[in-house]
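Participant: If you scroll down you'll find the structure; I have some questions about it.
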Amino acid sequence: MPPLLLQPHASLSHAEALQVAQQAPEFLRKNPASYSASPLLSLFSPPENSKIWTIYENLLLACLRTGDNTTAHQCLERLVVRFGASDERIAALEGLVKEAEATNNGELEKVLKEYEAILAEDNTNTPIAKRRIALLRTMGKTAESIEALVQYLDFASTDAEAWIELADLYLSQGLYSQAIYAQEEALVIAPNAWNLHARLGEILLMAAESGSEGNPQNYLAGSLKRFCRSIELSDDYLRGYYGLKRVTDKLLNGDSKAKKSSESDEFTLPETSTIEKLNLAATKKLGDIVRNYDAKAPLWQGYDAGEVAAARAYLSNTSQKVVR
Amino acid sequence: MAQIPAQTLHRDPQLFYWILIPITIVMVLTGVLRHYASVLMATTPKKADIKTIREQRALAHGANLKTNYHVLSRKAFETRRDFLIDGFESGAYLKNPQQKGQPPANPLSDPNAMEGMMGMMKNNMAMIIPNTLIMSWVNAFFSGYVIMKLPFPITIKFKSMLQAGVQTKDMDPRWMSSISWYFLCIFGLQFVYVFLLGSDNAASQIAQQMQAQQMPVGPMAPGQDPSKMFKAEAENLAVIEHYSVLDGVEERLLERIRV
């Protein structure tokens, strides 16, 4: 586990982000404002390494997240001094700061115009293209955002991050089969990512529950398999077990009247006894996780509090039903 | 057998101050200068345009599908396979589709390739010219006498190398002349450069030679016809016999949980 300052910022919880942001002024004071390229001076000043710039970037993001705009500006200034304002990544960070400081829609529109001007000059500028897509989404223009993202993926079809974002966008619009397709593309790029498997399982489950298109039985079978694969890749993965329990519950409670899925190439459901066993295993594991987490067992504290709470609520909910 | 008495030569200590140190300083300074000269001469790598990127990524996409098809269900895989094979064979991903089937351009007439070669030329020149100059300077001013004795014994084979310019048959090979000090400097100053200029400096030539040997072979080596590569990739995709890791995953999982 790298130190907090070096972790990718998106993976931090709110509390951790605050902790990082509070370290920012200290870090800014300790490090020189700029590094000289002269060989003589470099003998006497602390050596420059790439970690420092990662830290600056993380501090910048954390400060923006916690609303400390002045410190964010200081971080950005140092990055600009080092890499120049025309650098793609720096330009995107600059845009991010402007977005964060915008107070109304008009200002956001202005930032969007700037992005478009940059993209008109250089249409391969990945960071700016991504910022534009994210900004469109923030402004509620989901359809435009999807369109831009599809355009981006046409030339960058190996970008898993973008595929996941696309899946999320489609899901927010209730377009399940498109979301599933995009999520599968991400899996083709990262075949052993258990969180992506579980996410695909969740999307499939949602698709089955909405029941708007396709055969729900098919979706459920796929979902069951995705959750199983996710757990197979990562033991003790809470989301995997939670989803497994949801999907097996759903399969066992009624819904069996649905016709046996046709001979299509999609997945077929396993025997009912297997589903029951899986359900039992998932219930047991979820119970273990919740109990150990609540008991503050030292090795079980890595879970997200919200996810554990959801599992606890779901467990008590289903056990009541059984009692009744 | 009696011990051979150690040879002693009386040298003027001034030799040390006026030959060894100047040669070393000059070598270090030229290394530093060379570093900055190559930094100045370096051209920023040319940005690929969107069509080129698209072509390369599409190939990589096909390769990804080829290796990771097992995460997909049969139907999902077949949809993607048919789509990609279609695109690959019709040349939809090619940088310039009208050039399909034509022989690749001569790399010498391609301005992009020329630029790369010029860059290499520049680097080599930046190395050869100062080295020749210093060597002739050392030869002109300091040749013909020994300046120091190595602190360790070496075999007779080194004599011609270390005592260049001093043709004395019986002299112990440990005595070395100024030209050999120059050679020692060339190979021994790496760490001084690393200390002064950082580890990725352009002054250390050994590192550069290593780089030249393992030239990066990009996904698109020049002179390769992309349309042929797409054809090959499409064939690779077409012959895949699909299986999925999701087949029987429930049983596998139960097996594992029970154990």
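Naming works like this for the structure tokens: A, B, ... for the chains as they're shown, residue 1 at the start of each chain, ligands 1 onward in shown order.
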Please identify every residue of chain B that has at least one atom no farther than 10 Å from an atom of chain A, counting only C-alpha atoms, and for each give the shortest atom pair and the distance in Å to one decimal, arranged by chain then increasing number, as JSON lines.
Facilitator:
{"residue": "B:Val32", "atom": "CA", "partner": "A:Pro39", "partner_atom": "CA", "distance": 8.7}
{"residue": "B:Lys47", "atom": "CA", "partner": "A:Thr124", "partner_atom": "CA", "distance": 8.8}
{"residue": "B:Ala48", "atom": "CA", "partner": "A:Thr124", "partner_atom": "CA", "distance": 8.2}
{"residue": "B:Asp49", "atom": "CA", "partner": "A:Thr124", "partner_atom": "CA", "distance": 6.9}
{"residue": "B:Ile50", "atom": "CA", "partner": "A:Thr124", "partner_atom": "CA", "distance": 5.7}
{"residue": "B:Lys51", "atom": "CA", "partner": "A:Phe155", "partner_atom": "CA", "distance": 7.6}
{"residue": "B:Thr52", "atom": "CA", "partner": "A:Phe155", "partner_atom": "CA", "distance": 9.0}
{"residue": "B:Ile53", "atom": "CA", "partner": "A:Phe155", "partner_atom": "CA", "distance": 6.6}
{"residue": "B:Arg54", "atom": "CA", "partner": "A:Phe155", "partner_atom": "CA", "distance": 4.2}
{"residue": "B:Glu55", "atom": "CA", "partner": "A:Phe155", "partner_atom": "CA", "distance": 7.7}
{"residue": "B:Gln56", "atom": "CA", "partner": "A:Phe155", "partner_atom": "CA", "distance": 8.9}
{"residue": "B:Arg57", "atom": "CA", "partner": "A:Ala156", "partner_atom": "CA", "distance": 6.0}
{"residue": "B:Ala58", "atom": "CA", "partner": "A:Ser157", "partner_atom": "CA", "distance": 6.5}
{"residue": "B:Leu59", "atom": "CA", "partner": "A:Ser157", "partner_atom": "CA", "distance": 9.5}
{"residue": "B:Ala60", "atom": "CA", "partner": "A:Thr158", "partner_atom": "CA", "distance": 7.0}
{"residue": "B:His61", "atom": "CA", "partner": "A:Thr158", "partner_atom": "CA", "distance": 5.7}
{"residue": "B:Gly62", "atom": "CA", "partner": "A:Thr158", "partner_atom": "CA", "distance": 9.5}
{"residue": "B:Ala63", "atom": "CA", "partner": "A:Ile189", "partner_atom": "CA", "distance": 9.8}
{"residue": "B:Asn64", "atom": "CA", "partner": "A:Ile189", "partner_atom": "CA", "distance": 6.1}
{"residue": "B:Leu65", "atom": "CA", "partner": "A:Val188", "partner_atom": "CA", "distance": 6.1}
{"residue": "B:Lys66", "atom": "CA", "partner": "A:Val188", "partner_atom": "CA", "distance": 9.2}
{"residue": "B:Thr67", "atom": "CA", "partner": "A:Val188", "partner_atom": "CA", "distance": 8.4}
{"residue": "B:Asn68", "atom": "CA", "partner": "A:Val188", "partner_atom": "CA", "distance": 5.5}
{"residue": "B:Tyr69", "atom": "CA", "partner": "A:Val188", "partner_atom": "CA", "distance": 6.6}
{"residue": "B:His70", "atom": "CA", "partner": "A:Pro191", "partner_atom": "CA", "distance": 8.3}
{"residue": "B:Val71", "atom": "CA", "partner": "A:Pro191", "partner_atom": "CA", "distance": 6.2}
{"residue": "B:Leu72", "atom": "CA", "partner": "A:Glu184", "partner_atom": "CA", "distance": 7.1}
{"residue": "B:Ser73", "atom": "CA", "partner": "A:Glu266", "partner_atom": "CA", "distance": 6.5}
{"residue": "B:Arg74", "atom": "CA", "partner": "A:Asp265", "partner_atom": "CA", "distance": 6.1}
{"residue": "B:Lys75", "atom": "CA", "partner": "A:Asp265", "partner_atom": "CA", "distance": 5.8}
{"residue": "B:Ala76", "atom": "CA", "partner": "A:Tyr181", "partner_atom": "CA", "distance": 8.0}
{"residue": "B:Phe77", "atom": "CA", "partner": "A:Glu184", "partner_atom": "CA", "distance": 9.6}
{"residue": "B:Arg80", "atom": "CA", "partner": "A:Glu185", "partner_atom": "CA", "distance": 9.2}
{"residue": "B:Tyr93", "atom": "CA", "partner": "A:Phe155", "partner_atom": "CA", "distance": 9.0}
{"residue": "B:Phe195", "atom": "CA", "partner": "A:Leu43", "partner_atom": "CA", "distance": 8.3}
{"residue": "B:Leu196", "atom": "CA", "partner": "A:Pro39", "partner_atom": "CA", "distance": 6.2}
{"residue": "B:Leu197", "atom": "CA", "partner": "A:Pro39", "partner_atom": "CA", "distance": 6.2}
{"residue": "B:Gly198", "atom": "CA", "partner": "A:Pro47", "partner_atom": "CA", "distance": 9.0}
{"residue": "B:Val245", "atom": "CA", "partner": "A:Arg229", "partner_atom": "CA", "distance": 8.0}
{"residue": "B:Leu246", "atom": "CA", "partner": "A:Lys225", "partner_atom": "CA", "distance": 5.9}
{"residue": "B:Asp247", "atom": "CA", "partner": "A:Phe267", "partner_atom": "CA", "distance": 7.9}
{"residue": "B:Gly248", "atom": "CA", "partner": "A:Pro270", "partner_atom": "CA", "distance": 8.3}
{"residue": "B:Val249", "atom": "CA", "partner": "A:Cys228", "partner_atom": "CA", "distance": 6.3}
{"residue": "B:Glu250", "atom": "CA", "partner": "A:Cys228", "partner_atom": "CA", "distance": 6.1}
{"residue": "B:Glu251", "atom": "CA", "partner": "A:Thr274", "partner_atom": "CA", "distance": 7.5}
{"residue": "B:Arg252", "atom": "CA", "partner": "A:Glu232", "partner_atom": "CA", "distance": 8.3}
{"residue": "B:Leu253", "atom": "CA", "partner": "A:Glu232", "partner_atom": "CA", "distance": 6.1}
{"residue": "B:Leu254", "atom": "CA", "partner": "A:Leu278", "partner_atom": "CA", "distance": 6.8}
{"residue": "B:Arg256", "atom": "CA", "partner": "A:Glu232", "partner_atom": "CA", "distance": 8.3}
{"residue": "B:Ile257", "atom": "CA", "partner": "A:Ala281", "partner_atom": "CA", "distance": 7.6}
{"residue": "B:Arg258", "atom": "CA", "partner": "A:Ala281", "partner_atom": "CA", "distance": 8.9}
Participant: Residues of the last selection are to be written out with C-alpha atoms, as a PDB file, in the first residue's frame.
Facilitator:
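This went into part-v1.pdb:
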ATOM      1  CA  VAL B  32      28.456  18.164 -19.354  1.00  0.00           C
ATOM      2  CA  LYS B  47       2.522  13.872 -32.267  1.00  0.00           C
ATOM      3  CA  ALA B  48       0.665  11.161 -34.068  1.00  0.00           C
ATOM      4  CA  ASP B  49      -2.502  12.306 -35.737  1.00  0.00           C
ATOM      5  CA  ILE B  50      -5.886  10.893 -34.874  1.00  0.00           C
ATOM      6  CA  LYS B  51      -6.010   8.475 -37.790  1.00  0.00           C
ATOM      7  CA  THR B  52      -2.722   6.848 -36.856  1.00  0.00           C
ATOM      8  CA  ILE B  53      -3.761   6.467 -33.260  1.00  0.00           C
ATOM      9  CA  ARG B  54      -7.056   4.977 -34.330  1.00  0.00           C
ATOM     10  CA  GLU B  55      -5.320   2.454 -36.546  1.00  0.00           C
ATOM     11  CA  GLN B  56      -2.982   1.336 -33.786  1.00  0.00           C
ATOM     12  CA  ARG B  57      -5.637   1.183 -31.099  1.00  0.00           C
ATOM     13  CA  ALA B  58      -7.952  -0.806 -33.345  1.00  0.00           C
ATOM     14  CA  LEU B  59      -5.208  -3.372 -33.826  1.00  0.00           C
ATOM     15  CA  ALA B  60      -4.649  -3.468 -30.072  1.00  0.00           C
ATOM     16  CA  HIS B  61      -8.386  -3.841 -29.556  1.00  0.00           C
ATOM     17  CA  GLY B  62      -8.388  -6.883 -31.816  1.00  0.00           C
ATOM     18  CA  ALA B  63      -5.412  -8.316 -29.974  1.00  0.00           C
ATOM     19  CA  ASN B  64      -7.170  -7.773 -26.646  1.00  0.00           C
ATOM     20  CA  LEU B  65     -10.220  -9.599 -27.833  1.00  0.00           C
ATOM     21  CA  LYS B  66      -8.009 -12.391 -29.124  1.00  0.00           C
ATOM     22  CA  THR B  67      -6.395 -12.958 -25.735  1.00  0.00           C
ATOM     23  CA  ASN B  68      -9.287 -12.213 -23.395  1.00  0.00           C
ATOM     24  CA  TYR B  69     -12.278 -13.575 -25.251  1.00  0.00           C
ATOM     25  CA  HIS B  70     -12.897 -16.011 -22.409  1.00  0.00           C
ATOM     26  CA  VAL B  71     -14.508 -13.393 -20.189  1.00  0.00           C
ATOM     27  CA  LEU B  72     -17.383 -13.079 -22.643  1.00  0.00           C
ATOM     28  CA  SER B  73     -20.348 -15.265 -23.307  1.00  0.00           C
ATOM     29  CA  ARG B  74     -20.425 -16.961 -26.676  1.00  0.00           C
ATOM     30  CA  LYS B  75     -22.983 -14.590 -28.091  1.00  0.00           C
ATOM     31  CA  ALA B  76     -21.216 -11.455 -26.895  1.00  0.00           C
ATOM     32  CA  PHE B  77     -17.943 -12.738 -28.279  1.00  0.00           C
ATOM     33  CA  ARG B  80     -17.662  -8.457 -31.349  1.00  0.00           C
ATOM     34  CA  TYR B  93      -9.669   1.384 -39.473  1.00  0.00           C
ATOM     35  CA  PHE B 195      25.954  12.539 -10.011  1.00  0.00           C
ATOM     36  CA  LEU B 196      26.119  15.840 -11.869  1.00  0.00           C
ATOM     37  CA  LEU B 197      23.348  15.528 -14.401  1.00  0.00           C
ATOM     38  CA  GLY B 198      20.944  12.929 -13.127  1.00  0.00           C
ATOM     39  CA  VAL B 245     -14.449 -18.921 -17.881  1.00  0.00           C
ATOM     40  CA  LEU B 246     -18.033 -18.466 -16.819  1.00  0.00           C
ATOM     41  CA  ASP B 247     -18.924 -22.015 -17.856  1.00  0.00           C
ATOM     42  CA  GLY B 248     -19.387 -23.972 -14.667  1.00  0.00           C
ATOM     43  CA  VAL B 249     -18.114 -21.191 -12.467  1.00  0.00           C
ATOM     44  CA  GLU B 250     -20.792 -21.935  -9.853  1.00  0.00           C
ATOM     45  CA  GLU B 251     -19.561 -25.470  -9.299  1.00  0.00           C
ATOM     46  CA  ARG B 252     -15.950 -24.318  -9.184  1.00  0.00           C
ATOM     47  CA  LEU B 253     -16.817 -21.700  -6.605  1.00  0.00           C
ATOM     48  CA  LEU B 254     -18.787 -24.126  -4.418  1.00  0.00           C
ATOM     49  CA  ARG B 256     -13.547 -23.870  -3.336  1.00  0.00           C
ATOM     50  CA  ILE B 257     -15.767 -22.537  -0.611  1.00  0.00           C
ATOM     51  CA  ARG B 258     -16.337 -25.972   0.818  1.00  0.00           C
TER      52      ARG B 258
END
Participant: Write out as a JSON list (two decimals) with C-alpha atoms, in the first residue's frame each polymer residue whose atoms come within 9 Å of B:Met27, counting only C-alpha atoms; drop sequence neighbours fewer than 6 positions from it.
Facilitator:
[["chain", "number", "residue", "atom", "x", "y", "z"],
["B", 134, "ILE", "CA", 40.19, 15.47, -27.20],
["B", 182, "TYR", "CA", 42.07, 9.35, -21.35],
["B", 185, "CYS", "CA", 38.20, 8.55, -18.17],
["B", 186, "ILE", "CA", 35.86, 7.78, -21.05],
["B", 189, "LEU", "CA", 33.23, 8.98, -15.65]]
Participant: Pull the helix (DSSP H, G or I) assignments for stretch 155-190 of chain B out of DSSP run on the backbone, and list those residues as a compact mmCIF listing (two decimals) with N, CA and C atoms, in the first residue's frame.
Facilitator:
# COMPACT_ATOMS: atom_id res chain seq x y z
N ILE B 156 50.75 -8.73 -19.26
CA ILE B 156 51.56 -8.08 -20.29
C ILE B 156 50.72 -7.63 -21.49
N LYS B 157 49.55 -8.28 -21.65
CA LYS B 157 48.70 -7.96 -22.81
C LYS B 157 48.25 -6.51 -22.82
N PHE B 158 48.18 -5.92 -21.62
CA PHE B 158 47.68 -4.56 -21.53
C PHE B 158 48.72 -3.54 -21.96
N LYS B 159 49.92 -4.02 -22.17
CA LYS B 159 51.02 -3.10 -22.42
C LYS B 159 50.76 -2.20 -23.62
N SER B 160 50.30 -2.80 -24.70
CA SER B 160 50.12 -2.00 -25.91
C SER B 160 49.01 -0.97 -25.72
N MET B 161 48.07 -1.32 -24.85
CA MET B 161 46.97 -0.38 -24.66
C MET B 161 47.37 0.75 -23.71
N LEU B 162 47.99 0.36 -22.59
CA LEU B 162 48.27 1.35 -21.56
C LEU B 162 49.49 2.21 -21.89
N SER B 178 49.49 8.96 -20.82
CA SER B 178 48.35 9.86 -20.70
C SER B 178 47.18 9.42 -21.57
N ILE B 179 47.47 8.83 -22.73
CA ILE B 179 46.37 8.43 -23.61
C ILE B 179 45.52 7.34 -22.94
N SER B 180 46.19 6.49 -22.15
CA SER B 180 45.39 5.45 -21.50
C SER B 180 44.58 6.03 -20.35
N TRP B 181 45.10 7.08 -19.74
CA TRP B 181 44.28 7.77 -18.73
C TRP B 181 43.04 8.34 -19.38
N TYR B 182 43.21 8.83 -20.61
CA TYR B 182 42.07 9.35 -21.35
C TYR B 182 41.02 8.26 -21.55
N PHE B 183 41.47 7.07 -21.94
CA PHE B 183 40.50 5.99 -22.16
C PHE B 183 39.81 5.61 -20.86
N LEU B 184 40.61 5.56 -19.80
CA LEU B 184 40.00 5.24 -18.50
C LEU B 184 38.92 6.24 -18.16
N CYS B 185 39.18 7.51 -18.47
CA CYS B 185 38.20 8.55 -18.17
C CYS B 185 36.91 8.32 -18.94
N ILE B 186 37.06 7.98 -20.24
CA ILE B 186 35.86 7.78 -21.05
C ILE B 186 34.93 6.79 -20.38
N PHE B 187 35.52 5.69 -19.90
CA PHE B 187 34.64 4.65 -19.36
C PHE B 187 34.35 4.85 -17.88
N GLY B 188 35.21 5.61 -17.19
CA GLY B 188 35.06 5.68 -15.75
C GLY B 188 34.27 6.85 -15.24
N GLN B 190 31.19 7.68 -15.95
CA GLN B 190 29.73 7.50 -15.94
C GLN B 190 29.11 8.02 -14.66
Participant: Using only C-alpha atoms for the distances, tell me which of B:Ala232, B:Val239, B:Val194, B:Ala42 is nearest to B:Gly116.
Facilitator: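 Between B:Ala232, B:Val239, B:Val194, B:Ala42, the residue approaching B:Gly116 most closely is B:Ala42.
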Participant: Near A:Ala311, counting only C-alpha atoms, which residues have an atom at most 8 Å away, once you skip same-chain residues fewer than 5 positions from it, shown as a short mmCIF file (atom, residue, chain, number, x, y, z; two decimals) with N, CA and C atoms, in the first residue's frame?
Facilitator:
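Ended up saving to out.cif:
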data_model
loop_
_atom_site.label_atom_id
_atom_site.label_comp_id
_atom_site.auth_asym_id
_atom_site.auth_seq_id
_atom_site.Cartn_x
_atom_site.Cartn_y
_atom_site.Cartn_z
N TYR A 242 -22.59 -9.89 -1.80
CA TYR A 242 -23.88 -9.21 -1.69
C TYR A 242 -24.71 -9.45 -2.94
N LEU A 286 -21.58 -13.24 4.19
CA LEU A 286 -21.99 -11.86 4.50
C LEU A 286 -22.13 -11.70 6.01
N VAL A 290 -20.08 -9.00 8.26
CA VAL A 290 -20.75 -7.98 9.08
C VAL A 290 -20.35 -8.15 10.54
#
Participant: Just the residues within 7 Å of stretch 152-154 of chain B, please, counting only C-alpha atoms, with nothing from its chain fewer than 2 positions along; format it as a PyMOL selection string.
Facilitator: chain B and resi 150+156+173-174
Participant: How many Å lie between atom CA of A:Leu200 and atom CA of A:Asp288, rounded to one decimal?
Facilitator: 24.7 Å
Participant: Write out as a VMD selection string each polymer residue whose atoms come within 9 Å of A:Pro8, counting only C-alpha atoms; drop sequence neighbours fewer than 4 positions from it.
Facilitator: chain A and resid 4 12 54 58
Participant: So which bits of stretch 52-153 of chain B end up strand (DSSP E or B) when you DSSP the backbone, as a ChimeraX atom specification?
Facilitator: /B:146-149
Participant: Taking only C-alpha atoms into account, which of A:Tyr303, A:Tyr237, A:Trp163, A:Tyr170 comes nearest A:Ala143?
Facilitator: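 Distance minimum relative to A:Ala143 lands on A:Tyr170.
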